[in-house]
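Participant: Got start-v2.csv for you, CSV, C-alpha atoms:
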chain,number,residue,atom,x,y,z
A,1,MET,CA,0.0,0.0,0.0
A,2,THR,CA,1.1,3.5,-0.8
A,3,THR,CA,-0.3,6.5,0.9
A,4,ILE,CA,-0.1,9.9,-0.8
A,5,PHE,CA,-0.9,13.1,0.9
A,6,LEU,CA,-2.8,15.5,-1.4
A,7,ALA,CA,-2.5,19.2,-0.7
A,8,ASP,CA,-5.8,20.1,-2.4
A,9,ALA,CA,-8.3,19.1,-5.1
A,10,GLU,CA,-5.7,20.1,-7.8
A,11,ALA,CA,-3.3,17.6,-6.3
A,12,THR,CA,-6.0,14.9,-6.5
A,13,ARG,CA,-6.5,15.8,-10.2
A,14,SER,CA,-2.7,15.7,-10.7
A,15,LEU,CA,-2.6,12.2,-9.3
A,16,GLY,CA,-5.3,11.2,-11.8
A,17,LEU,CA,-3.4,12.9,-14.6
A,18,SER,CA,-0.3,10.8,-13.7
A,19,LEU,CA,-2.4,7.6,-13.7
A,20,GLY,CA,-4.1,8.4,-17.0
A,21,GLN,CA,-0.7,9.0,-18.7
A,22,SER,CA,0.8,5.7,-17.4
A,23,LEU,CA,-1.8,3.1,-16.9
A,24,PRO,CA,-2.1,0.4,-19.6
A,25,ALA,CA,-5.2,-0.9,-21.3
A,26,GLY,CA,-7.2,-3.2,-19.1
A,27,SER,CA,-6.5,-1.3,-15.9
A,28,VAL,CA,-9.4,-1.2,-13.4
A,29,ILE,CA,-9.5,1.5,-10.7
A,30,LEU,CA,-11.8,0.9,-7.7
A,31,LEU,CA,-12.5,4.1,-6.0
A,32,GLU,CA,-13.8,4.4,-2.5
A,33,GLY,CA,-14.3,7.4,-0.2
A,34,ASP,CA,-17.0,9.6,1.4
A,35,LEU,CA,-19.1,12.0,-0.7
A,36,GLY,CA,-16.9,14.9,-1.7
A,37,ALA,CA,-13.6,13.0,-1.1
A,38,GLY,CA,-12.4,13.6,-4.7
A,39,LYS,CA,-13.4,10.4,-6.6
A,40,THR,CA,-14.8,12.3,-9.6
A,41,THR,CA,-11.9,14.8,-9.5
A,42,LEU,CA,-9.5,11.9,-9.7
A,43,VAL,CA,-11.3,10.4,-12.7
A,44,GLN,CA,-11.3,13.9,-14.4
A,45,GLY,CA,-7.5,13.8,-14.0
A,46,ILE,CA,-7.3,10.3,-15.4
A,47,GLY,CA,-9.3,11.5,-18.4
A,48,GLU,CA,-7.0,14.5,-18.9
A,49,GLY,CA,-4.0,12.1,-18.7
A,50,LEU,CA,-5.6,10.0,-21.4
A,51,GLY,CA,-6.1,13.1,-23.6
A,52,ILE,CA,-9.9,13.3,-23.3
A,53,THR,CA,-11.2,16.8,-23.8
A,54,ASP,CA,-14.9,16.1,-23.1
A,55,SER,CA,-16.2,17.2,-19.7
A,56,ILE,CA,-16.1,14.3,-17.3
A,57,VAL,CA,-18.9,14.3,-14.8
A,58,SER,CA,-20.0,11.7,-12.3
A,59,PRO,CA,-22.5,9.2,-13.9
A,60,THR,CA,-24.6,9.0,-10.7
A,61,PHE,CA,-27.8,8.9,-12.6
A,62,THR,CA,-26.7,7.3,-15.9
A,63,LEU,CA,-24.4,4.8,-14.1
A,64,ILE,CA,-21.8,4.6,-16.9
A,65,ASN,CA,-20.2,7.2,-19.0
A,66,GLU,CA,-17.9,6.1,-21.9
A,67,TYR,CA,-15.2,8.3,-23.4
A,68,PHE,CA,-13.4,7.2,-26.6
A,69,GLU,CA,-11.3,10.1,-27.8
A,70,GLY,CA,-8.2,9.6,-25.7
A,71,ARG,CA,-5.2,7.2,-26.1
A,72,LEU,CA,-7.4,4.6,-24.5
A,73,PRO,CA,-11.2,4.4,-23.8
A,74,LEU,CA,-12.3,5.5,-20.3
A,75,TYR,CA,-15.3,3.8,-18.8
A,76,HIS,CA,-16.5,5.8,-15.7
A,77,LEU,CA,-19.0,4.0,-13.5
A,78,ASP,CA,-20.8,5.2,-10.4
A,79,LEU,CA,-22.5,2.6,-8.2
A,80,TYR,CA,-23.7,5.0,-5.5
A,81,ARG,CA,-27.4,4.5,-6.1
A,82,LEU,CA,-27.3,0.8,-6.5
A,83,GLU,CA,-27.6,-2.2,-4.2
A,84,PRO,CA,-25.1,-5.0,-4.6
A,85,GLU,CA,-27.6,-7.3,-6.3
A,86,GLU,CA,-28.3,-4.6,-8.9
A,87,VAL,CA,-24.6,-4.2,-9.5
A,88,THR,CA,-24.3,-7.9,-10.2
A,89,ALA,CA,-27.0,-7.8,-12.8
A,90,LEU,CA,-25.0,-5.1,-14.8
A,91,ASN,CA,-22.3,-7.7,-15.8
A,92,LEU,CA,-19.6,-5.1,-15.4
A,93,GLU,CA,-16.8,-7.6,-16.1
A,94,SER,CA,-17.6,-7.0,-19.8
A,95,TYR,CA,-15.7,-3.7,-19.4
A,96,TRP,CA,-12.5,-5.2,-18.1
A,97,GLU,CA,-12.4,-8.5,-19.9
A,98,GLY,CA,-12.1,-6.9,-23.4
A,99,VAL,CA,-14.7,-9.2,-24.9
A,100,GLU,CA,-17.7,-6.9,-25.5
A,101,PHE,CA,-15.8,-3.6,-25.1
A,102,GLU,CA,-12.4,-2.4,-26.2
A,103,LEU,CA,-9.9,-2.6,-23.3
A,104,GLY,CA,-9.4,0.7,-21.7
A,105,ILE,CA,-9.3,2.2,-18.2
A,106,VAL,CA,-12.3,1.3,-16.0
A,107,ALA,CA,-12.8,3.7,-13.1
A,108,ILE,CA,-15.6,2.7,-10.6
A,109,GLU,CA,-16.8,5.1,-8.0
A,110,TRP,CA,-18.4,3.5,-4.9
A,111,ALA,CA,-16.6,0.2,-5.7
A,112,GLU,CA,-17.4,-1.2,-2.3
A,113,ARG,CA,-20.9,-2.0,-3.8
A,114,LEU,CA,-19.3,-4.5,-6.1
A,115,SER,CA,-20.1,-8.1,-5.1
A,116,TYR,CA,-17.2,-9.4,-7.3
A,117,LYS,CA,-13.9,-7.8,-8.4
A,118,PRO,CA,-11.6,-8.3,-11.3
A,119,GLN,CA,-8.5,-10.5,-10.8
A,120,ARG,CA,-6.2,-7.5,-11.1
A,121,TYR,CA,-7.0,-3.9,-10.0
A,122,LEU,CA,-5.9,-0.8,-8.2
A,123,SER,CA,-8.0,0.2,-5.2
A,124,ILE,CA,-7.8,3.9,-4.3
A,125,CYS,CA,-9.3,5.0,-1.0
A,126,LEU,CA,-9.7,8.8,-0.8
A,127,ASN,CA,-10.0,10.3,2.7
A,128,TYR,CA,-10.2,13.8,4.2
A,129,SER,CA,-9.9,14.8,7.8
A,130,VAL,CA,-9.3,18.1,9.5
A,131,ASP,CA,-6.3,16.6,11.3
A,132,THR,CA,-4.5,14.8,8.4
A,133,GLY,CA,-5.9,16.6,5.3
A,134,ARG,CA,-6.5,14.8,2.0
A,135,GLN,CA,-4.9,11.5,1.4
A,136,ALA,CA,-5.1,8.6,-1.1
A,137,SER,CA,-4.3,5.1,-0.2
A,138,LEU,CA,-3.3,3.1,-3.3
A,139,ILE,CA,-3.7,-0.7,-2.9
A,140,PRO,CA,-2.8,-2.8,-5.9
A,141,ALA,CA,-4.3,-6.3,-6.1
A,142,GLY,CA,-3.4,-9.3,-8.4
A,143,ASN,CA,0.0,-8.2,-9.6
A,144,PHE,CA,-1.3,-4.7,-10.5
A,145,ASP,CA,1.9,-2.7,-11.1
A,146,ILE,CA,1.8,0.9,-10.1
A,147,ARG,CA,4.7,3.4,-9.6
A,148,VAL,CA,3.8,6.8,-8.3
A,149,ASN,CA,6.1,9.5,-7.0
A,150,ALA,CA,4.2,10.4,-3.8
A,151,SER,CA,6.2,13.7,-3.3
A,152,HIS,CA,4.8,15.0,-6.6
A,153,PHE,CA,1.3,15.6,-5.2
A,154,SER,CA,2.0,17.2,-1.8
How does this structure look as structure tokens?
Facilitator:
Amino acid sequence: MTTIFLADAEATRSLGLSLGQSLPAGSVILLEGDLGAGKTTLVQGIGEGLGITDSIVSPTFTLINEYFEGRLPLYHLDLYRLEPEEVTALNLESYWEGVEFELGIVAIEWAERLSYKPQRYLSICLNYSVDTGRQASLIPAGNFDIRVNASHFS
């Protein structure tokens, strides 16, 4: 696990930018954190790093937004309004298996609602407290390779 202290929302966006520039096709990012913790801001940075110029907004009501103009597709999912059994019915694995959709970056907000996870992913937990400020905990799973210079975002 890597913990990165983020000075502000712009640092959160910069972390996303770095990820968007470096992540390979097939990467799945599972985002967790309270409302307002910076999940959408991080995904906006990922989109910027991929070269996407469309406005990236949280798909709270549409569930999934797809962006195809960058170096890789970005699939942005928001599970906030769903119960775990509803999430299962969506067959989200089609986004990270590369069978039905072109492999890209899959970013899932409120990932704790997933009843199943891909074999390989990066979990990012965003937190904010008055005492410690903003921080992101990056937890790779299943041989997910991530290298981030933590001092770049402070």
Participant: Go through A:Asn127, A:Ser137, A:Gln119, A:Thr41 one by one, measure the shortest atom-to-atom distance of each to Ala107 in chain A using all atoms listed in the file, and give the residue with the smallest value.
Facilitator: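 Looking at the shortest contact to Ala107 in chain A, the residue is A:Thr41.
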Participant: Between CA of Asn91 in chain A and CA of Gly70 in chain A, what is the distance in Å, rounded to a tenth?
Facilitator: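 Going from CA of Asn91 in chain A over to CA of Gly70 in chain A, I get 24.4 Å.
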Participant: Tell me, as a VMD selection string, which residues lie within 7 Å of Ile124 in chain A, counting all atoms listed in the file; anything in the same chain fewer than 2 positions away does not count.
Facilitator: chain A and resid 30 to 32 122 126 136 to 139
Participant: Please, which residues are within 9 Å of (-17.9, -0.8, -5.9) by the file's coordinates, counting all atoms listed in the file, and could they come as a list in words?
Facilitator: Leu30, Leu31, Glu32, Asp78, Leu79, Tyr80, Pro84, Val87, Ile108, Glu109, Trp110, Ala111, Glu112, Arg113, Leu114, Ser115, Tyr116 and Lys117 of chain A
Participant: Measure the distance from CA of Asp54 in chain A to CA of Tyr67 in chain A in Å and round it to one decimal.
Facilitator: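 Between these atoms lies a distance of 7.8 Å.
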Participant: With all atoms listed in the file as the basis for distance, which of A:Glu93, A:Glu69, A:Asp8, A:Glu102 is at the shortest distance from Val28 in chain A?
Facilitator: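 Residue with the minimum atom-to-atom distance to Val28 in chain A: A:Glu93.
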Participant: To one decimal in Å, tell me the separation between CA of Gln135 in chain A and CA of Pro73 in chain A.
Facilitator: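 Between CA of Gln135 in chain A and CA of Pro73 in chain A the gap is 26.9 Å.
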Participant: Which residue, A:Asn143, A:Asn65, A:Ser14, A:Ser129, has the smallest gap to Asp34 in chain A when you use only C-alpha atoms?
Facilitator: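 The closest residue to Asp34 in chain A is A:Ser129.
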Participant: When you write range 34-69 of chain A out from the block above, keep N, CA, C and O atoms and present the result as a PDB file, in the first residue's frame, please.
Facilitator:
ATOM      1  N   ASP A  34     -15.760   8.917   1.040  1.00  0.00           N
ATOM      2  CA  ASP A  34     -17.010   9.610   1.355  1.00  0.00           C
ATOM      3  C   ASP A  34     -17.410  10.556   0.234  1.00  0.00           C
ATOM      4  O   ASP A  34     -16.600  10.883  -0.646  1.00  0.00           O
ATOM      5  N   LEU A  35     -18.653  11.013   0.277  1.00  0.00           N
ATOM      6  CA  LEU A  35     -19.101  12.047  -0.654  1.00  0.00           C
ATOM      7  C   LEU A  35     -18.163  13.239  -0.547  1.00  0.00           C
ATOM      8  O   LEU A  35     -17.805  13.655   0.561  1.00  0.00           O
ATOM      9  N   GLY A  36     -17.735  13.762  -1.676  1.00  0.00           N
ATOM     10  CA  GLY A  36     -16.858  14.923  -1.681  1.00  0.00           C
ATOM     11  C   GLY A  36     -15.392  14.617  -1.417  1.00  0.00           C
ATOM     12  O   GLY A  36     -14.585  15.541  -1.301  1.00  0.00           O
ATOM     13  N   ALA A  37     -15.018  13.347  -1.362  1.00  0.00           N
ATOM     14  CA  ALA A  37     -13.625  12.981  -1.067  1.00  0.00           C
ATOM     15  C   ALA A  37     -12.697  13.206  -2.258  1.00  0.00           C
ATOM     16  O   ALA A  37     -11.491  13.256  -2.098  1.00  0.00           O
ATOM     17  N   GLY A  38     -13.261  13.299  -3.479  1.00  0.00           N
ATOM     18  CA  GLY A  38     -12.427  13.567  -4.653  1.00  0.00           C
ATOM     19  C   GLY A  38     -12.425  12.477  -5.702  1.00  0.00           C
ATOM     20  O   GLY A  38     -11.581  12.483  -6.607  1.00  0.00           O
ATOM     21  N   LYS A  39     -13.357  11.552  -5.625  1.00  0.00           N
ATOM     22  CA  LYS A  39     -13.383  10.435  -6.589  1.00  0.00           C
ATOM     23  C   LYS A  39     -13.561  10.944  -8.019  1.00  0.00           C
ATOM     24  O   LYS A  39     -12.803  10.561  -8.915  1.00  0.00           O
ATOM     25  N   THR A  40     -14.537  11.794  -8.239  1.00  0.00           N
ATOM     26  CA  THR A  40     -14.775  12.312  -9.594  1.00  0.00           C
ATOM     27  C   THR A  40     -13.614  13.199 -10.037  1.00  0.00           C
ATOM     28  O   THR A  40     -13.197  13.147 -11.198  1.00  0.00           O
ATOM     29  N   THR A  41     -13.064  13.980  -9.137  1.00  0.00           N
ATOM     30  CA  THR A  41     -11.906  14.823  -9.465  1.00  0.00           C
ATOM     31  C   THR A  41     -10.740  13.958  -9.932  1.00  0.00           C
ATOM     32  O   THR A  41     -10.064  14.285 -10.911  1.00  0.00           O
ATOM     33  N   LEU A  42     -10.520  12.830  -9.268  1.00  0.00           N
ATOM     34  CA  LEU A  42      -9.456  11.914  -9.668  1.00  0.00           C
ATOM     35  C   LEU A  42      -9.728  11.368 -11.071  1.00  0.00           C
ATOM     36  O   LEU A  42      -8.831  11.326 -11.911  1.00  0.00           O
ATOM     37  N   VAL A  43     -10.969  10.981 -11.343  1.00  0.00           N
ATOM     38  CA  VAL A  43     -11.317  10.445 -12.669  1.00  0.00           C
ATOM     39  C   VAL A  43     -11.176  11.533 -13.735  1.00  0.00           C
ATOM     40  O   VAL A  43     -10.742  11.257 -14.856  1.00  0.00           O
ATOM     41  N   GLN A  44     -11.490  12.775 -13.407  1.00  0.00           N
ATOM     42  CA  GLN A  44     -11.279  13.872 -14.356  1.00  0.00           C
ATOM     43  C   GLN A  44      -9.802  13.985 -14.713  1.00  0.00           C
ATOM     44  O   GLN A  44      -9.444  14.196 -15.876  1.00  0.00           O
ATOM     45  N   GLY A  45      -8.929  13.811 -13.724  1.00  0.00           N
ATOM     46  CA  GLY A  45      -7.495  13.820 -13.990  1.00  0.00           C
ATOM     47  C   GLY A  45      -7.067  12.642 -14.852  1.00  0.00           C
ATOM     48  O   GLY A  45      -6.240  12.796 -15.754  1.00  0.00           O
ATOM     49  N   ILE A  46      -7.631  11.464 -14.599  1.00  0.00           N
ATOM     50  CA  ILE A  46      -7.323  10.298 -15.435  1.00  0.00           C
ATOM     51  C   ILE A  46      -7.705  10.590 -16.878  1.00  0.00           C
ATOM     52  O   ILE A  46      -6.932  10.340 -17.806  1.00  0.00           O
ATOM     53  N   GLY A  47      -8.900  11.159 -17.072  1.00  0.00           N
ATOM     54  CA  GLY A  47      -9.343  11.515 -18.424  1.00  0.00           C
ATOM     55  C   GLY A  47      -8.400  12.503 -19.084  1.00  0.00           C
ATOM     56  O   GLY A  47      -8.045  12.357 -20.256  1.00  0.00           O
ATOM     57  N   GLU A  48      -7.966  13.493 -18.338  1.00  0.00           N
ATOM     58  CA  GLU A  48      -7.021  14.475 -18.871  1.00  0.00           C
ATOM     59  C   GLU A  48      -5.714  13.785 -19.273  1.00  0.00           C
ATOM     60  O   GLU A  48      -5.155  14.061 -20.332  1.00  0.00           O
ATOM     61  N   GLY A  49      -5.247  12.870 -18.436  1.00  0.00           N
ATOM     62  CA  GLY A  49      -4.025  12.140 -18.737  1.00  0.00           C
ATOM     63  C   GLY A  49      -4.158  11.251 -19.964  1.00  0.00           C
ATOM     64  O   GLY A  49      -3.179  10.988 -20.652  1.00  0.00           O
ATOM     65  N   LEU A  50      -5.365  10.799 -20.242  1.00  0.00           N
ATOM     66  CA  LEU A  50      -5.628   9.995 -21.434  1.00  0.00           C
ATOM     67  C   LEU A  50      -5.797  10.855 -22.688  1.00  0.00           C
ATOM     68  O   LEU A  50      -5.851  10.330 -23.790  1.00  0.00           O
ATOM     69  N   GLY A  51      -5.919  12.174 -22.512  1.00  0.00           N
ATOM     70  CA  GLY A  51      -6.113  13.074 -23.643  1.00  0.00           C
ATOM     71  C   GLY A  51      -7.573  13.309 -23.987  1.00  0.00           C
ATOM     72  O   GLY A  51      -7.895  13.764 -25.090  1.00  0.00           O
ATOM     73  N   ILE A  52      -8.461  13.045 -23.055  1.00  0.00           N
ATOM     74  CA  ILE A  52      -9.895  13.262 -23.277  1.00  0.00           C
ATOM     75  C   ILE A  52     -10.208  14.723 -23.004  1.00  0.00           C
ATOM     76  O   ILE A  52      -9.863  15.250 -21.949  1.00  0.00           O
ATOM     77  N   THR A  53     -10.876  15.379 -23.956  1.00  0.00           N
ATOM     78  CA  THR A  53     -11.210  16.791 -23.786  1.00  0.00           C
ATOM     79  C   THR A  53     -12.676  17.007 -23.404  1.00  0.00           C
ATOM     80  O   THR A  53     -13.041  18.103 -22.999  1.00  0.00           O
ATOM     81  N   ASP A  54     -13.505  15.972 -23.536  1.00  0.00           N
ATOM     82  CA  ASP A  54     -14.899  16.089 -23.099  1.00  0.00           C
ATOM     83  C   ASP A  54     -14.937  16.341 -21.598  1.00  0.00           C
ATOM     84  O   ASP A  54     -14.063  15.895 -20.853  1.00  0.00           O
ATOM     85  N   SER A  55     -15.991  17.024 -21.159  1.00  0.00           N
ATOM     86  CA  SER A  55     -16.198  17.246 -19.737  1.00  0.00           C
ATOM     87  C   SER A  55     -16.547  15.912 -19.073  1.00  0.00           C
ATOM     88  O   SER A  55     -17.452  15.211 -19.510  1.00  0.00           O
ATOM     89  N   ILE A  56     -15.814  15.564 -18.030  1.00  0.00           N
ATOM     90  CA  ILE A  56     -16.061  14.312 -17.316  1.00  0.00           C
ATOM     91  C   ILE A  56     -16.836  14.644 -16.053  1.00  0.00           C
ATOM     92  O   ILE A  56     -16.371  15.400 -15.202  1.00  0.00           O
ATOM     93  N   VAL A  57     -18.039  14.079 -15.970  1.00  0.00           N
ATOM     94  CA  VAL A  57     -18.904  14.300 -14.813  1.00  0.00           C
ATOM     95  C   VAL A  57     -19.269  12.949 -14.216  1.00  0.00           C
ATOM     96  O   VAL A  57     -19.209  11.916 -14.883  1.00  0.00           O
ATOM     97  N   SER A  58     -19.662  12.965 -12.962  1.00  0.00           N
ATOM     98  CA  SER A  58     -20.030  11.723 -12.296  1.00  0.00           C
ATOM     99  C   SER A  58     -21.300  11.148 -12.915  1.00  0.00           C
ATOM    100  O   SER A  58     -22.292  11.852 -13.065  1.00  0.00           O
ATOM    101  N   PRO A  59     -21.275   9.872 -13.281  1.00  0.00           N
ATOM    102  CA  PRO A  59     -22.453   9.248 -13.883  1.00  0.00           C
ATOM    103  C   PRO A  59     -23.434   8.697 -12.839  1.00  0.00           C
ATOM    104  O   PRO A  59     -23.944   7.590 -12.968  1.00  0.00           O
ATOM    105  N   THR A  60     -23.718   9.489 -11.801  1.00  0.00           N
ATOM    106  CA  THR A  60     -24.568   9.031 -10.716  1.00  0.00           C
ATOM    107  C   THR A  60     -25.927   8.550 -11.211  1.00  0.00           C
ATOM    108  O   THR A  60     -26.452   7.554 -10.731  1.00  0.00           O
ATOM    109  N   PHE A  61     -26.513   9.240 -12.171  1.00  0.00           N
ATOM    110  CA  PHE A  61     -27.848   8.871 -12.645  1.00  0.00           C
ATOM    111  C   PHE A  61     -27.811   8.004 -13.900  1.00  0.00           C
ATOM    112  O   PHE A  61     -28.719   7.233 -14.147  1.00  0.00           O
ATOM    113  N   THR A  62     -26.761   8.124 -14.701  1.00  0.00           N
ATOM    114  CA  THR A  62     -26.660   7.305 -15.913  1.00  0.00           C
ATOM    115  C   THR A  62     -25.904   6.003 -15.654  1.00  0.00           C
ATOM    116  O   THR A  62     -25.932   5.109 -16.482  1.00  0.00           O
ATOM    117  N   LEU A  63     -25.225   5.904 -14.541  1.00  0.00           N
ATOM    118  CA  LEU A  63     -24.430   4.760 -14.085  1.00  0.00           C
ATOM    119  C   LEU A  63     -23.098   4.604 -14.804  1.00  0.00           C
ATOM    120  O   LEU A  63     -22.091   4.306 -14.176  1.00  0.00           O
ATOM    121  N   ILE A  64     -23.069   4.772 -16.144  1.00  0.00           N
ATOM    122  CA  ILE A  64     -21.835   4.555 -16.898  1.00  0.00           C
ATOM    123  C   ILE A  64     -21.676   5.652 -17.949  1.00  0.00           C
ATOM    124  O   ILE A  64     -22.594   5.890 -18.741  1.00  0.00           O
ATOM    125  N   ASN A  65     -20.532   6.314 -17.952  1.00  0.00           N
ATOM    126  CA  ASN A  65     -20.165   7.232 -19.027  1.00  0.00           C
ATOM    127  C   ASN A  65     -18.962   6.634 -19.746  1.00  0.00           C
ATOM    128  O   ASN A  65     -18.023   6.155 -19.098  1.00  0.00           O
ATOM    129  N   GLU A  66     -19.007   6.672 -21.067  1.00  0.00           N
ATOM    130  CA  GLU A  66     -17.924   6.118 -21.878  1.00  0.00           C
ATOM    131  C   GLU A  66     -17.292   7.235 -22.694  1.00  0.00           C
ATOM    132  O   GLU A  66     -17.994   8.039 -23.305  1.00  0.00           O
ATOM    133  N   TYR A  67     -15.959   7.277 -22.706  1.00  0.00           N
ATOM    134  CA  TYR A  67     -15.201   8.288 -23.438  1.00  0.00           C
ATOM    135  C   TYR A  67     -14.208   7.560 -24.338  1.00  0.00           C
ATOM    136  O   TYR A  67     -13.424   6.743 -23.862  1.00  0.00           O
ATOM    137  N   PHE A  68     -14.224   7.900 -25.624  1.00  0.00           N
ATOM    138  CA  PHE A  68     -13.406   7.162 -26.586  1.00  0.00           C
ATOM    139  C   PHE A  68     -12.352   8.007 -27.296  1.00  0.00           C
ATOM    140  O   PHE A  68     -11.639   7.502 -28.135  1.00  0.00           O
ATOM    141  N   GLU A  69     -12.223   9.265 -26.973  1.00  0.00           N
ATOM    142  CA  GLU A  69     -11.339  10.128 -27.766  1.00  0.00           C
ATOM    143  C   GLU A  69      -9.885  10.145 -27.310  1.00  0.00           C
ATOM    144  O   GLU A  69      -9.041  10.685 -28.002  1.00  0.00           O
TER     145      GLU A  69
END
